[in-house]
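Here is the structure we will look at, set down as structure tokens.
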Amino acid sequence: MNYADDNFIKEVSSTHIQWEQMEEFSKLCKEGKAISGISEEEFDFLLQDLANDKLTYSNDSVIDMIIKFILEGTSEEKLINILQNLKIANVDKEDIVGTAYPKYIDGSYYIEIGSDIEKRVRLLSDVFAVLFMFNEKLEDLEYMVLCSLSEATQNRYCANEEFTDDFNNVQIYMMLCDGLYKDNFTDRYIAYAREIHEMAMAFLIGHEIGHHYYGNTTVKPNPGMESKVAELKADAFALDFSFKYLRNAYANNENFYGIHCFAGVYLPLIASAKICKSVFEDEENHPSIVKRLLGVQRGMQKILTETGWEDTKRYRDLLLRMVKFPLQTS
Ligand SMILES: [Zn+2]
């Protein structure tokens, strides 16, 4: 067994991300610090399901789902070969966003995604989802709850804390709304958050897969400009990869997609601002976050209609303000 498999198996056996999250959540529910909204019996079933869930490509069921959908819808051999031999581990290492390792002797492609960025992206998806709920048909009380939810999710993201008291309180109001109006308020919100999160994760892993695709892991780009160009190319690949996922997973008759899905691809870059020194300055081998955001924006312009593009920009800017992303140097 080579290093890739060894490492992968170790990481996967130690963590199944969703299972770990559910176990933590279950513990908090039992201590009265969080609410699940389902019975203890149902919760135990859910945990058991996750415990039995064997993943093929990663230790994160969202990542596995993304790869499966892309594999189903692509006929490009080079991409298929990479995806079929992909091992992605969610690892608890400091300061890691993502790393693509050189291809291993057995032909496998190994990628590591930092659990910190995964968590931040997830919390940020919850912030972003609130914005799109304002377009929904809602009762007056639901609007008020949504305003509180907006604040609670922002605090949660800023503190990088999953379970906060105010978030817990808002969930009670959401459950109240569900009971009062029977209009699936909470479910609609969760659907937005889930779809945004999936698109964000597709971009996050798509970037690292792009490094494999362009051979950056075999022939390392020279430090400086060449590396920076490789990063921007990996972002462009990630954008394309995300839309492949969107088409394969959510295609309907009209091929109509919510703007929240398109804007979801911005999230990994916005969230990585929290772990970099400056969003404006290039690092030795990485263009600044701001430059990379602009690169994604340009890529979106080629994919979307004029109004669709304006919409994604508007939502992205709202999100940047919500999370106090520094838009100007002081
Ligand atoms: Zn990169």
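By order in the structure tokens, chains are A, B, ...; within a chain, residues start at 1; ligands start at 1, following the order shown.
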Contacts of ligand 1, 7 Å or closer, only C-alpha atoms and all ligand atoms, given as a ChimeraX atom specification: /A:207-208,211,231,234
Contacts of Leu50 in chain A at 9 Å (only C-alpha atoms; same-chain gap of 6+ positions) as number ranges by chain: A: 16, 18-19, 22
DSSP helix (DSSP H, G or I) residues within range 111-281 of chain A, listed as a ChimeraX atom specification: /A:115-133,140-159,165-181,185-213,225-250,259-275
Closest of A:Ser61, A:Ala152, A:Gly215, A:Glu162 to Lys33 in chain A - atom-to-atom distances counting only C-alpha atoms: A:Glu162
Who sits within 8 Å of Glu142 in chain A, only C-alpha atoms, same chain under 5 positions skipped, as a PyMOL selection string: chain A and resi 174+177+185
Would you put the residues from that selection into a file with C-alpha atoms, as a PDB file, in the first residue's frame?
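Output saved as result-v9.pdb:
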ATOM      1  CA  MET A 174     -38.647  28.824  12.953  1.00  0.00           C
ATOM      2  CA  CYS A 177     -43.613  29.353  12.130  1.00  0.00           C
ATOM      3  CA  PHE A 185     -40.423  27.710   6.103  1.00  0.00           C
TER       4      PHE A 185
END
Residue contacts of Ile190 in chain A (12 Å, only C-alpha atoms) excluding same-chain residues fewer than 2 positions away, as a ChimeraX atom specification: /A:122,125-130,132-133,171,174,184-188,192-197
Go ahead and write the selection's residues with C-alpha atoms as a PDB file, in the first residue's frame.
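Saved result, out-v5.pdb, follows:
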ATOM      1  CA  ARG A 122     -20.802  25.595   5.693  1.00  0.00           C
ATOM      2  CA  SER A 125     -23.731  29.003   3.277  1.00  0.00           C
ATOM      3  CA  ASP A 126     -26.214  29.413   6.132  1.00  0.00           C
ATOM      4  CA  VAL A 127     -25.629  33.186   6.129  1.00  0.00           C
ATOM      5  CA  PHE A 128     -26.064  33.405   2.370  1.00  0.00           C
ATOM      6  CA  ALA A 129     -29.218  31.264   2.296  1.00  0.00           C
ATOM      7  CA  VAL A 130     -31.053  33.841   4.425  1.00  0.00           C
ATOM      8  CA  PHE A 132     -32.577  34.267  -0.868  1.00  0.00           C
ATOM      9  CA  MET A 133     -35.375  33.524   1.594  1.00  0.00           C
ATOM     10  CA  GLN A 171     -34.581  27.836  15.513  1.00  0.00           C
ATOM     11  CA  MET A 174     -38.647  28.824  12.953  1.00  0.00           C
ATOM     12  CA  ASN A 184     -42.255  24.578   5.029  1.00  0.00           C
ATOM     13  CA  PHE A 185     -40.423  27.710   6.103  1.00  0.00           C
ATOM     14  CA  THR A 186     -37.526  25.792   7.702  1.00  0.00           C
ATOM     15  CA  ASP A 187     -37.324  23.250   4.890  1.00  0.00           C
ATOM     16  CA  ARG A 188     -37.165  25.975   2.261  1.00  0.00           C
ATOM     17  CA  TYR A 192     -31.221  26.999  -0.062  1.00  0.00           C
ATOM     18  CA  ALA A 193     -28.393  26.475   2.409  1.00  0.00           C
ATOM     19  CA  ARG A 194     -27.768  22.939   1.169  1.00  0.00           C
ATOM     20  CA  GLU A 195     -27.645  23.865  -2.506  1.00  0.00           C
ATOM     21  CA  ILE A 196     -25.360  26.827  -1.865  1.00  0.00           C
ATOM     22  CA  HIS A 197     -23.097  24.632   0.236  1.00  0.00           C
TER      23      HIS A 197
END
Nearest to His286 in chain A, chosen from A:Glu20, A:Asp317, A:Glu40, A:Glu226, with only C-alpha atoms counted in the distances: A:Glu226
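Take the candidates A:Glu118, A:Asp49, A:Asp106, A:Glu41 and check each one against Ile17 in chain A using only C-alpha atoms; the shortest distance goes to A:Glu118.
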Range 85-90 of chain A environment, 7 Å, only C-alpha atoms, sequence neighbours closer than 3 positions dropped, as a VMD selection string: chain A and resid 8 11 to 12 57 to 59 81 to 82 107 to 115
Gap from CA of Tyr143 in chain A to CA of Leu246 in chain A - Å, one decimal: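 Result for CA of Tyr143 in chain A versus CA of Leu246 in chain A: 29.1 Å, one decimal.
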Interatomic distance (Å, one decimal) between CA of Met201 in chain A and CA of Arg120 in chain A: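 These two atoms are separated by 11.2 Å.
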Range 290-301 of chain A surroundings by only C-alpha atoms, 6 Å radius, close-in-sequence under 2 positions cut, as a PyMOL selection string: chain A and resi 279-280+288+303-304+309
Separation of CA of Asp44 in chain A from CA of Glu31 in chain A in Å: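 Result for CA of Glu31 in chain A versus CA of Asp44 in chain A: 15.6 Å, one decimal.
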Contact residues around range 255-265 of chain A with only C-alpha atoms at 6 Å, ignoring same-chain residues under 5 positions, as a PyMOL selection string: chain A and resi 196+199-200+203+312
